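Visitor: Here you go, coords-v9.txt (compact mmCIF, N, CA and C atoms):
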```txt
# COMPACT_ATOMS: atom_id res chain seq x y z
N MET G 1 -57.56 -20.55 -69.52
CA MET G 1 -57.37 -19.51 -70.50
C MET G 1 -56.97 -20.12 -71.84
N ILE G 2 -57.33 -19.44 -72.90
CA ILE G 2 -57.04 -19.90 -74.25
C ILE G 2 -55.99 -18.98 -74.85
N LEU G 3 -54.99 -19.57 -75.49
CA LEU G 3 -53.97 -18.79 -76.19
C LEU G 3 -54.52 -18.40 -77.56
N PRO G 4 -54.64 -17.10 -77.84
CA PRO G 4 -55.18 -16.69 -79.14
C PRO G 4 -54.15 -16.83 -80.24
N LYS G 5 -54.61 -16.91 -81.49
CA LYS G 5 -53.69 -16.86 -82.62
C LYS G 5 -53.11 -15.47 -82.67
N PHE G 6 -51.83 -15.37 -83.01
CA PHE G 6 -51.20 -14.06 -83.08
C PHE G 6 -50.05 -14.10 -84.07
N SER G 7 -49.64 -12.91 -84.50
CA SER G 7 -48.46 -12.77 -85.34
C SER G 7 -47.75 -11.49 -84.92
N VAL G 8 -46.44 -11.44 -85.18
CA VAL G 8 -45.63 -10.30 -84.78
C VAL G 8 -44.76 -9.89 -85.97
N ARG G 9 -44.66 -8.60 -86.19
CA ARG G 9 -43.74 -8.07 -87.20
C ARG G 9 -43.17 -6.76 -86.68
N GLN G 10 -42.18 -6.23 -87.38
CA GLN G 10 -41.52 -5.01 -86.92
C GLN G 10 -41.08 -4.17 -88.10
N ASP G 11 -40.86 -2.89 -87.82
CA ASP G 11 -40.11 -2.03 -88.72
C ASP G 11 -39.00 -1.41 -87.88
N ASN G 12 -38.35 -0.38 -88.35
CA ASN G 12 -37.22 0.18 -87.62
C ASN G 12 -37.58 0.70 -86.24
N ASP G 13 -38.79 1.25 -86.10
CA ASP G 13 -39.14 1.95 -84.86
C ASP G 13 -40.25 1.31 -84.05
N ARG G 14 -40.98 0.35 -84.64
CA ARG G 14 -42.15 -0.19 -83.96
C ARG G 14 -42.25 -1.71 -84.09
N VAL G 15 -43.02 -2.28 -83.17
CA VAL G 15 -43.39 -3.70 -83.20
C VAL G 15 -44.90 -3.75 -83.35
N TYR G 16 -45.38 -4.63 -84.23
CA TYR G 16 -46.81 -4.77 -84.49
C TYR G 16 -47.24 -6.19 -84.11
N VAL G 17 -48.21 -6.29 -83.25
CA VAL G 17 -48.73 -7.59 -82.82
C VAL G 17 -50.19 -7.65 -83.24
N THR G 18 -50.53 -8.66 -84.04
CA THR G 18 -51.92 -8.89 -84.42
C THR G 18 -52.42 -10.08 -83.62
N ILE G 19 -53.48 -9.86 -82.87
CA ILE G 19 -54.05 -10.90 -82.01
C ILE G 19 -55.46 -11.18 -82.52
N HIS G 20 -55.73 -12.44 -82.83
CA HIS G 20 -57.05 -12.82 -83.33
C HIS G 20 -57.89 -13.38 -82.18
N VAL G 21 -58.96 -12.70 -81.88
CA VAL G 21 -59.87 -13.14 -80.82
C VAL G 21 -61.30 -13.07 -81.36
N ALA G 22 -62.00 -14.14 -81.19
CA ALA G 22 -63.38 -14.18 -81.69
C ALA G 22 -64.35 -13.96 -80.53
N HIS G 23 -65.36 -13.16 -80.78
CA HIS G 23 -66.47 -12.99 -79.85
C HIS G 23 -66.04 -12.49 -78.47
N VAL G 24 -65.32 -11.39 -78.43
CA VAL G 24 -64.97 -10.80 -77.14
C VAL G 24 -65.62 -9.43 -77.03
N ARG G 25 -65.85 -9.02 -75.80
CA ARG G 25 -66.37 -7.68 -75.55
C ARG G 25 -65.18 -6.74 -75.45
N THR G 26 -65.26 -5.64 -76.14
CA THR G 26 -64.15 -4.70 -76.11
C THR G 26 -63.92 -4.15 -74.71
N THR G 27 -64.94 -4.14 -73.89
CA THR G 27 -64.78 -3.64 -72.52
C THR G 27 -63.97 -4.60 -71.65
N SER G 28 -63.81 -5.86 -72.10
CA SER G 28 -63.06 -6.83 -71.31
C SER G 28 -61.59 -6.91 -71.73
N ILE G 29 -61.18 -6.15 -72.73
CA ILE G 29 -59.80 -6.22 -73.23
C ILE G 29 -58.87 -5.44 -72.30
N GLU G 30 -57.78 -6.10 -71.89
CA GLU G 30 -56.76 -5.46 -71.07
C GLU G 30 -55.40 -5.67 -71.71
N LEU G 31 -54.62 -4.60 -71.79
CA LEU G 31 -53.26 -4.65 -72.30
C LEU G 31 -52.33 -4.05 -71.25
N ASP G 32 -51.20 -4.70 -71.04
CA ASP G 32 -50.21 -4.19 -70.10
C ASP G 32 -48.84 -4.30 -70.76
N ILE G 33 -48.11 -3.19 -70.79
CA ILE G 33 -46.77 -3.16 -71.35
C ILE G 33 -45.80 -2.93 -70.20
N ASP G 34 -44.80 -3.81 -70.09
CA ASP G 34 -43.82 -3.70 -69.01
C ASP G 34 -42.44 -4.04 -69.56
N GLY G 35 -41.73 -3.03 -70.03
CA GLY G 35 -40.37 -3.23 -70.53
C GLY G 35 -40.34 -4.08 -71.78
N ASP G 36 -40.00 -5.35 -71.61
CA ASP G 36 -39.93 -6.26 -72.76
C ASP G 36 -41.14 -7.17 -72.87
N GLN G 37 -42.17 -6.93 -72.07
CA GLN G 37 -43.34 -7.81 -72.10
C GLN G 37 -44.63 -7.08 -72.48
N LEU G 38 -45.45 -7.83 -73.22
CA LEU G 38 -46.82 -7.42 -73.54
C LEU G 38 -47.73 -8.48 -72.93
N LYS G 39 -48.68 -8.05 -72.13
CA LYS G 39 -49.68 -8.97 -71.58
C LYS G 39 -51.04 -8.52 -72.09
N PHE G 40 -51.77 -9.48 -72.65
CA PHE G 40 -53.09 -9.23 -73.20
C PHE G 40 -54.07 -10.20 -72.57
N SER G 41 -55.23 -9.69 -72.18
CA SER G 41 -56.28 -10.60 -71.73
C SER G 41 -57.64 -10.05 -72.15
N ALA G 42 -58.48 -10.96 -72.51
CA ALA G 42 -59.88 -10.70 -72.83
C ALA G 42 -60.56 -12.05 -72.72
N SER G 43 -61.29 -12.24 -71.67
CA SER G 43 -61.85 -13.55 -71.35
C SER G 43 -62.50 -14.18 -72.58
N PRO G 44 -62.14 -15.41 -72.93
CA PRO G 44 -61.31 -16.41 -72.24
C PRO G 44 -59.85 -16.43 -72.71
N TYR G 45 -59.38 -15.38 -73.38
CA TYR G 45 -58.04 -15.37 -73.97
C TYR G 45 -57.00 -14.73 -73.04
N TYR G 46 -55.77 -15.26 -73.13
CA TYR G 46 -54.64 -14.67 -72.41
C TYR G 46 -53.38 -14.88 -73.24
N LEU G 47 -52.58 -13.82 -73.35
CA LEU G 47 -51.34 -13.89 -74.11
C LEU G 47 -50.29 -13.05 -73.41
N ARG G 48 -49.11 -13.64 -73.20
CA ARG G 48 -47.97 -12.91 -72.66
C ARG G 48 -46.81 -13.13 -73.62
N LEU G 49 -46.29 -12.04 -74.16
CA LEU G 49 -45.15 -12.11 -75.07
C LEU G 49 -43.95 -11.41 -74.43
N THR G 50 -42.79 -12.04 -74.53
CA THR G 50 -41.56 -11.43 -74.05
C THR G 50 -40.68 -11.18 -75.26
N PHE G 51 -40.44 -9.91 -75.55
CA PHE G 51 -39.66 -9.51 -76.72
C PHE G 51 -38.17 -9.54 -76.39
N PRO G 52 -37.33 -9.64 -77.43
CA PRO G 52 -35.88 -9.62 -77.20
C PRO G 52 -35.34 -8.22 -76.87
N GLY G 53 -36.17 -7.20 -76.96
CA GLY G 53 -35.78 -5.84 -76.60
C GLY G 53 -36.94 -5.15 -75.91
N LYS G 54 -36.72 -3.94 -75.45
CA LYS G 54 -37.76 -3.23 -74.70
C LYS G 54 -38.65 -2.41 -75.62
N VAL G 55 -39.94 -2.35 -75.25
CA VAL G 55 -40.92 -1.54 -75.95
C VAL G 55 -41.50 -0.54 -74.96
N VAL G 56 -42.04 0.55 -75.50
CA VAL G 56 -42.61 1.59 -74.65
C VAL G 56 -43.97 2.02 -75.20
N GLU G 57 -44.80 2.50 -74.29
CA GLU G 57 -46.05 3.12 -74.69
C GLU G 57 -45.80 4.61 -74.85
N ASP G 58 -46.04 5.12 -76.04
CA ASP G 58 -45.88 6.56 -76.27
C ASP G 58 -47.01 7.03 -77.19
N GLU G 59 -46.88 8.23 -77.72
CA GLU G 59 -47.96 8.80 -78.54
C GLU G 59 -48.17 8.03 -79.85
N ASP G 60 -47.19 7.23 -80.28
CA ASP G 60 -47.33 6.44 -81.50
C ASP G 60 -47.87 5.03 -81.23
N SER G 61 -47.96 4.66 -79.96
CA SER G 61 -48.46 3.33 -79.60
C SER G 61 -49.98 3.36 -79.54
N ASN G 62 -50.60 2.26 -79.99
CA ASN G 62 -52.06 2.18 -79.94
C ASN G 62 -52.51 0.75 -80.12
N ALA G 63 -53.79 0.55 -79.94
CA ALA G 63 -54.42 -0.75 -80.20
C ALA G 63 -55.74 -0.48 -80.90
N LYS G 64 -55.98 -1.22 -81.98
CA LYS G 64 -57.21 -1.05 -82.76
C LYS G 64 -57.88 -2.41 -82.91
N PHE G 65 -59.18 -2.44 -82.68
CA PHE G 65 -59.96 -3.67 -82.79
C PHE G 65 -60.82 -3.62 -84.04
N ASP G 66 -60.73 -4.65 -84.86
CA ASP G 66 -61.57 -4.78 -86.06
C ASP G 66 -62.62 -5.85 -85.76
N ALA G 67 -63.83 -5.41 -85.49
CA ALA G 67 -64.90 -6.34 -85.11
C ALA G 67 -65.24 -7.30 -86.25
N GLY G 68 -65.05 -6.88 -87.48
CA GLY G 68 -65.34 -7.74 -88.63
C GLY G 68 -64.45 -8.96 -88.72
N THR G 69 -63.17 -8.78 -88.43
CA THR G 69 -62.22 -9.89 -88.51
C THR G 69 -61.91 -10.50 -87.15
N GLY G 70 -62.21 -9.77 -86.08
CA GLY G 70 -61.85 -10.23 -84.74
C GLY G 70 -60.39 -10.03 -84.41
N ASP G 71 -59.73 -9.14 -85.17
CA ASP G 71 -58.30 -8.89 -84.96
C ASP G 71 -58.08 -7.61 -84.15
N ILE G 72 -57.10 -7.68 -83.26
CA ILE G 72 -56.63 -6.52 -82.54
C ILE G 72 -55.21 -6.26 -83.02
N LEU G 73 -54.95 -5.06 -83.55
CA LEU G 73 -53.61 -4.69 -83.97
C LEU G 73 -53.02 -3.78 -82.91
N VAL G 74 -51.97 -4.26 -82.25
CA VAL G 74 -51.28 -3.50 -81.21
C VAL G 74 -49.99 -2.96 -81.82
N THR G 75 -49.81 -1.66 -81.73
CA THR G 75 -48.60 -1.01 -82.23
C THR G 75 -47.82 -0.47 -81.03
N LEU G 76 -46.57 -0.91 -80.90
CA LEU G 76 -45.71 -0.48 -79.78
C LEU G 76 -44.43 0.11 -80.33
N SER G 77 -43.95 1.16 -79.70
CA SER G 77 -42.68 1.76 -80.10
C SER G 77 -41.53 1.03 -79.41
N LYS G 78 -40.43 0.88 -80.13
CA LYS G 78 -39.23 0.31 -79.54
C LYS G 78 -38.57 1.36 -78.67
N GLN G 79 -38.05 0.95 -77.54
CA GLN G 79 -37.37 1.88 -76.66
C GLN G 79 -36.14 2.48 -77.36
N THR G 80 -35.46 1.66 -78.16
CA THR G 80 -34.31 2.12 -78.92
C THR G 80 -34.67 2.07 -80.40
N PRO G 81 -35.08 3.20 -80.99
CA PRO G 81 -35.44 3.21 -82.41
C PRO G 81 -34.28 2.68 -83.26
N GLY G 82 -34.63 1.90 -84.26
CA GLY G 82 -33.63 1.32 -85.15
C GLY G 82 -33.12 -0.04 -84.70
N GLU G 83 -33.41 -0.43 -83.46
CA GLU G 83 -32.98 -1.74 -82.97
C GLU G 83 -33.75 -2.84 -83.69
N HIS G 84 -33.03 -3.89 -84.09
CA HIS G 84 -33.68 -5.03 -84.74
C HIS G 84 -33.91 -6.12 -83.70
N PHE G 85 -35.17 -6.52 -83.53
CA PHE G 85 -35.50 -7.60 -82.61
C PHE G 85 -35.34 -8.93 -83.34
N GLU G 86 -34.41 -9.74 -82.89
CA GLU G 86 -34.14 -11.03 -83.51
C GLU G 86 -35.24 -12.04 -83.17
N ASN G 87 -35.46 -12.96 -84.08
CA ASN G 87 -36.29 -14.16 -83.86
C ASN G 87 -37.75 -13.87 -83.54
N LEU G 88 -38.32 -12.81 -84.08
CA LEU G 88 -39.75 -12.57 -83.86
C LEU G 88 -40.61 -13.62 -84.55
N ASP G 89 -40.02 -14.38 -85.46
CA ASP G 89 -40.77 -15.45 -86.12
C ASP G 89 -40.77 -16.74 -85.30
N LEU G 90 -39.96 -16.80 -84.25
CA LEU G 90 -39.94 -17.98 -83.36
C LEU G 90 -40.94 -17.75 -82.23
N LEU G 91 -42.18 -18.10 -82.49
CA LEU G 91 -43.26 -17.77 -81.57
C LEU G 91 -43.08 -18.40 -80.19
N THR G 92 -42.50 -19.59 -80.12
CA THR G 92 -42.32 -20.21 -78.81
C THR G 92 -41.34 -19.41 -77.95
N SER G 93 -40.34 -18.78 -78.56
CA SER G 93 -39.42 -17.97 -77.75
C SER G 93 -40.11 -16.71 -77.25
N LEU G 94 -41.05 -16.17 -78.00
CA LEU G 94 -41.82 -15.01 -77.54
C LEU G 94 -42.73 -15.38 -76.37
N LEU G 95 -43.19 -16.62 -76.36
CA LEU G 95 -44.10 -17.08 -75.30
C LEU G 95 -43.37 -17.47 -74.01
N ALA G 96 -42.05 -17.60 -74.09
CA ALA G 96 -41.27 -17.98 -72.91
C ALA G 96 -41.28 -16.86 -71.87
N THR G 97 -41.25 -17.24 -70.60
CA THR G 97 -41.17 -16.25 -69.53
C THR G 97 -39.76 -15.66 -69.49
N ARG G 98 -39.60 -14.60 -68.75
CA ARG G 98 -38.27 -14.00 -68.59
C ARG G 98 -37.29 -15.01 -68.00
N ARG G 99 -37.74 -15.77 -67.03
CA ARG G 99 -36.90 -16.78 -66.38
C ARG G 99 -36.49 -17.85 -67.38
N GLU G 100 -37.43 -18.31 -68.20
CA GLU G 100 -37.11 -19.34 -69.19
C GLU G 100 -36.14 -18.80 -70.24
N GLN G 101 -36.28 -17.54 -70.61
CA GLN G 101 -35.37 -16.98 -71.60
C GLN G 101 -33.97 -16.80 -71.02
N ALA G 102 -33.86 -16.59 -69.73
CA ALA G 102 -32.55 -16.40 -69.10
C ALA G 102 -31.75 -17.70 -69.05
N ASN G 103 -32.44 -18.83 -69.07
CA ASN G 103 -31.74 -20.14 -68.99
C ASN G 103 -31.19 -20.57 -70.31
```
Would it be possible to restate this file's structure as structure tokens?
Guide:
Amino acid sequence: MILPKFSVRQDNDRVYVTIHVAHVRTTSIELDIDGDQLKFSASPYYLRLTFPGKVVEDEDSNAKFDAGTGDILVTLSKQTPGEHFENLDLLTSLLATRREQAN
């Protein structure tokens, strides 16, 4: 599997993940949200992010694919609106598993 380029940002109520994938079929895209984790796959790409707080899928959450740029913008709501997620700019900490973050 290939780790895609990605970036993460936030506002008071949401987390935004931009994932750059070139030449994928939209039918092969899979997203899974589980508490503090986002799992994305679209062959040959795979990405698992572990956030410092919990996110939820609700009516404000969505994913949009821009075929022109190859970017997928995933919008997730924070479980606790107003919570600030620390260190979203430290991409290696986002890539760590739950077990690795616990150590």
Visitor: Rounded to one decimal, what separation in Å do you get between atom N of Tyr46 in chain G and atom C of Ile33 in chain G?
Guide: 16.1 Å
Visitor: Any idea what the distance is between atom C of Ala96 in chain G and atom N of His84 in chain G?
Guide: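 Going from atom C of Ala96 in chain G over to atom N of His84 in chain G, I get 19.6 Å.
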Visitor: Quick one: pull the distance between atom C of Pro52 in chain G and CA of Gly70 in chain G, Å, one decimal.
Guide: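 Separating atom C of Pro52 in chain G from CA of Gly70 in chain G is a distance of 27.7 Å.
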Visitor: Which residues come within 8 Å of range 88-91 of chain G, counting only N, CA and C atoms, excluding same-chain residues fewer than 2 positions away, as number ranges by chain?
Guide: G: 7-10, 51-52, 85-86, 93-96
Visitor: Using only C-alpha atoms, find the one residue out of G:Ala102, G:Ile72, G:Val15, G:Val55 that sits nearest to Asp36 in chain G.
Guide: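 Distance minimum relative to Asp36 in chain G lands on G:Val55.
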Visitor: Of the residues G:Met1, G:Val56, G:Ala42, G:Leu47, which is the one nearest to Thr26 in chain G, using all atoms listed in the file?
Guide: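 When distances to Thr26 in chain G are compared using all atoms listed in the file, the smallest one comes from G:Ala42.
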Visitor: Among the residues of chain G, find those DSSP assigns to alpha helix (DSSP H) from the backbone and print them as a ChimeraX atom specification.
Guide: /G:91-95,98-102
Visitor: Please return as a list in words every residue within 8 Å of (-52.4, -5.2, -89.6), taking into account all atoms listed in the file and the file's own coordinates.
Guide: Tyr16, Val17, Thr18, Ile72, Leu73 and Val74 of chain G
Visitor: Could you write out the selected residues, including N, CA and C atoms, as an mmCIF file, in the coordinates of the input?
Guide:
```cif
data_model
loop_
_atom_site.group_PDB
_atom_site.id
_atom_site.type_symbol
_atom_site.label_atom_id
_atom_site.label_comp_id
_atom_site.auth_asym_id
_atom_site.auth_seq_id
_atom_site.Cartn_x
_atom_site.Cartn_y
_atom_site.Cartn_z
ATOM 1 N N TYR G 16 -45.380 -4.630 -84.230
ATOM 2 C CA TYR G 16 -46.810 -4.770 -84.490
ATOM 3 C C TYR G 16 -47.240 -6.190 -84.110
ATOM 4 N N VAL G 17 -48.210 -6.290 -83.250
ATOM 5 C CA VAL G 17 -48.730 -7.590 -82.820
ATOM 6 C C VAL G 17 -50.190 -7.650 -83.240
ATOM 7 N N THR G 18 -50.530 -8.660 -84.040
ATOM 8 C CA THR G 18 -51.920 -8.890 -84.420
ATOM 9 C C THR G 18 -52.420 -10.080 -83.620
ATOM 10 N N ILE G 72 -57.100 -7.680 -83.260
ATOM 11 C CA ILE G 72 -56.630 -6.520 -82.540
ATOM 12 C C ILE G 72 -55.210 -6.260 -83.020
ATOM 13 N N LEU G 73 -54.950 -5.060 -83.550
ATOM 14 C CA LEU G 73 -53.610 -4.690 -83.970
ATOM 15 C C LEU G 73 -53.020 -3.780 -82.910
ATOM 16 N N VAL G 74 -51.970 -4.260 -82.250
ATOM 17 C CA VAL G 74 -51.280 -3.500 -81.210
ATOM 18 C C VAL G 74 -49.990 -2.960 -81.820
#
```
Visitor: Using only C-alpha atoms, which of G:Pro4, G:Pro81, G:Lys64, G:Glu57 sits nearest Val21 in chain G?
Guide: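 Among G:Pro4, G:Pro81, G:Lys64, G:Glu57, it is G:Pro4 that comes nearest to Val21 in chain G.
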Visitor: Around all of range 4-12 of chain G's listed atoms, make the axis-aligned box with 3 Å on each side and tell me centre and edge lengths in Å to one decimal, as lines of an AutoDock Vina configuration file.
Guide:
```
center_x = -46.2
center_y = -8.2
center_z = -83.3
size_x = 24.0
size_y = 23.8
size_z = 16.9
```
Visitor: Write down as a PyMOL selection string the residues of chain G whose backbone DSSP state falls under strand (DSSP E or B).
Guide: chain G and resi 2+5-10+14-20+30-34+37-42+45-50+55-56+62-66+71-78
Visitor: Keeping only N, CA and C atoms, write those residues as a compact mmCIF listing (two decimals), in the coordinates of the input.
Guide:
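again.txt was written with the following content:
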```txt
# COMPACT_ATOMS: atom_id res chain seq x y z
N ILE G 2 -57.33 -19.44 -72.90
CA ILE G 2 -57.04 -19.90 -74.25
C ILE G 2 -55.99 -18.98 -74.85
N LYS G 5 -54.61 -16.91 -81.49
CA LYS G 5 -53.69 -16.86 -82.62
C LYS G 5 -53.11 -15.47 -82.67
N PHE G 6 -51.83 -15.37 -83.01
CA PHE G 6 -51.20 -14.06 -83.08
C PHE G 6 -50.05 -14.10 -84.07
N SER G 7 -49.64 -12.91 -84.50
CA SER G 7 -48.46 -12.77 -85.34
C SER G 7 -47.75 -11.49 -84.92
N VAL G 8 -46.44 -11.44 -85.18
CA VAL G 8 -45.63 -10.30 -84.78
C VAL G 8 -44.76 -9.89 -85.97
N ARG G 9 -44.66 -8.60 -86.19
CA ARG G 9 -43.74 -8.07 -87.20
C ARG G 9 -43.17 -6.76 -86.68
N GLN G 10 -42.18 -6.23 -87.38
CA GLN G 10 -41.52 -5.01 -86.92
C GLN G 10 -41.08 -4.17 -88.10
N ARG G 14 -40.98 0.35 -84.64
CA ARG G 14 -42.15 -0.19 -83.96
C ARG G 14 -42.25 -1.71 -84.09
N VAL G 15 -43.02 -2.28 -83.17
CA VAL G 15 -43.39 -3.70 -83.20
C VAL G 15 -44.90 -3.75 -83.35
N TYR G 16 -45.38 -4.63 -84.23
CA TYR G 16 -46.81 -4.77 -84.49
C TYR G 16 -47.24 -6.19 -84.11
N VAL G 17 -48.21 -6.29 -83.25
CA VAL G 17 -48.73 -7.59 -82.82
C VAL G 17 -50.19 -7.65 -83.24
N THR G 18 -50.53 -8.66 -84.04
CA THR G 18 -51.92 -8.89 -84.42
C THR G 18 -52.42 -10.08 -83.62
N ILE G 19 -53.48 -9.86 -82.87
CA ILE G 19 -54.05 -10.90 -82.01
C ILE G 19 -55.46 -11.18 -82.52
N HIS G 20 -55.73 -12.44 -82.83
CA HIS G 20 -57.05 -12.82 -83.33
C HIS G 20 -57.89 -13.38 -82.18
N GLU G 30 -57.78 -6.10 -71.89
CA GLU G 30 -56.76 -5.46 -71.07
C GLU G 30 -55.40 -5.67 -71.71
N LEU G 31 -54.62 -4.60 -71.79
CA LEU G 31 -53.26 -4.65 -72.30
C LEU G 31 -52.33 -4.05 -71.25
N ASP G 32 -51.20 -4.70 -71.04
CA ASP G 32 -50.21 -4.19 -70.10
C ASP G 32 -48.84 -4.30 -70.76
N ILE G 33 -48.11 -3.19 -70.79
CA ILE G 33 -46.77 -3.16 -71.35
C ILE G 33 -45.80 -2.93 -70.20
N ASP G 34 -44.80 -3.81 -70.09
CA ASP G 34 -43.82 -3.70 -69.01
C ASP G 34 -42.44 -4.04 -69.56
N GLN G 37 -42.17 -6.93 -72.07
CA GLN G 37 -43.34 -7.81 -72.10
C GLN G 37 -44.63 -7.08 -72.48
N LEU G 38 -45.45 -7.83 -73.22
CA LEU G 38 -46.82 -7.42 -73.54
C LEU G 38 -47.73 -8.48 -72.93
N LYS G 39 -48.68 -8.05 -72.13
CA LYS G 39 -49.68 -8.97 -71.58
C LYS G 39 -51.04 -8.52 -72.09
N PHE G 40 -51.77 -9.48 -72.65
CA PHE G 40 -53.09 -9.23 -73.20
C PHE G 40 -54.07 -10.20 -72.57
N SER G 41 -55.23 -9.69 -72.18
CA SER G 41 -56.28 -10.60 -71.73
C SER G 41 -57.64 -10.05 -72.15
N ALA G 42 -58.48 -10.96 -72.51
CA ALA G 42 -59.88 -10.70 -72.83
C ALA G 42 -60.56 -12.05 -72.72
N TYR G 45 -59.38 -15.38 -73.38
CA TYR G 45 -58.04 -15.37 -73.97
C TYR G 45 -57.00 -14.73 -73.04
N TYR G 46 -55.77 -15.26 -73.13
CA TYR G 46 -54.64 -14.67 -72.41
C TYR G 46 -53.38 -14.88 -73.24
N LEU G 47 -52.58 -13.82 -73.35
CA LEU G 47 -51.34 -13.89 -74.11
C LEU G 47 -50.29 -13.05 -73.41
N ARG G 48 -49.11 -13.64 -73.20
CA ARG G 48 -47.97 -12.91 -72.66
C ARG G 48 -46.81 -13.13 -73.62
N LEU G 49 -46.29 -12.04 -74.16
CA LEU G 49 -45.15 -12.11 -75.07
C LEU G 49 -43.95 -11.41 -74.43
N THR G 50 -42.79 -12.04 -74.53
CA THR G 50 -41.56 -11.43 -74.05
C THR G 50 -40.68 -11.18 -75.26
N VAL G 55 -39.94 -2.35 -75.25
CA VAL G 55 -40.92 -1.54 -75.95
C VAL G 55 -41.50 -0.54 -74.96
N VAL G 56 -42.04 0.55 -75.50
CA VAL G 56 -42.61 1.59 -74.65
C VAL G 56 -43.97 2.02 -75.20
N ASN G 62 -50.60 2.26 -79.99
CA ASN G 62 -52.06 2.18 -79.94
C ASN G 62 -52.51 0.75 -80.12
N ALA G 63 -53.79 0.55 -79.94
CA ALA G 63 -54.42 -0.75 -80.20
C ALA G 63 -55.74 -0.48 -80.90
N LYS G 64 -55.98 -1.22 -81.98
CA LYS G 64 -57.21 -1.05 -82.76
C LYS G 64 -57.88 -2.41 -82.91
N PHE G 65 -59.18 -2.44 -82.68
CA PHE G 65 -59.96 -3.67 -82.79
C PHE G 65 -60.82 -3.62 -84.04
N ASP G 66 -60.73 -4.65 -84.86
CA ASP G 66 -61.57 -4.78 -86.06
C ASP G 66 -62.62 -5.85 -85.76
N ASP G 71 -59.73 -9.14 -85.17
CA ASP G 71 -58.30 -8.89 -84.96
C ASP G 71 -58.08 -7.61 -84.15
N ILE G 72 -57.10 -7.68 -83.26
CA ILE G 72 -56.63 -6.52 -82.54
C ILE G 72 -55.21 -6.26 -83.02
N LEU G 73 -54.95 -5.06 -83.55
CA LEU G 73 -53.61 -4.69 -83.97
C LEU G 73 -53.02 -3.78 -82.91
N VAL G 74 -51.97 -4.26 -82.25
CA VAL G 74 -51.28 -3.50 -81.21
C VAL G 74 -49.99 -2.96 -81.82
N THR G 75 -49.81 -1.66 -81.73
CA THR G 75 -48.60 -1.01 -82.23
C THR G 75 -47.82 -0.47 -81.03
N LEU G 76 -46.57 -0.91 -80.90
CA LEU G 76 -45.71 -0.48 -79.78
C LEU G 76 -44.43 0.11 -80.33
N SER G 77 -43.95 1.16 -79.70
CA SER G 77 -42.68 1.76 -80.10
C SER G 77 -41.53 1.03 -79.41
N LYS G 78 -40.43 0.88 -80.13
CA LYS G 78 -39.23 0.31 -79.54
C LYS G 78 -38.57 1.36 -78.67
```
Visitor: So, with only N, CA and C atoms as the atoms that count, which of G:Glu100, G:Arg14, G:Phe6, G:Asp34 lies closest to Thr75 in chain G?
Guide: G:Arg14
Visitor: Can you work out which one of G:Leu31, G:Ala67, G:Leu49, G:Leu76 has the shortest atom-to-atom distance to Arg98 in chain G, counting only N, CA and C atoms?
Guide: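 Of the candidates, the smallest distance to Arg98 in chain G is held by G:Leu49.
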Visitor: Nearest to Asn62 in chain G among G:Ile29, G:Ser41, G:Thr50, G:Ser77, with distances taken over all atoms listed in the file: which residue is it?
Guide: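 Counting all atoms listed in the file, the residue closest to Asn62 in chain G is G:Ser77.
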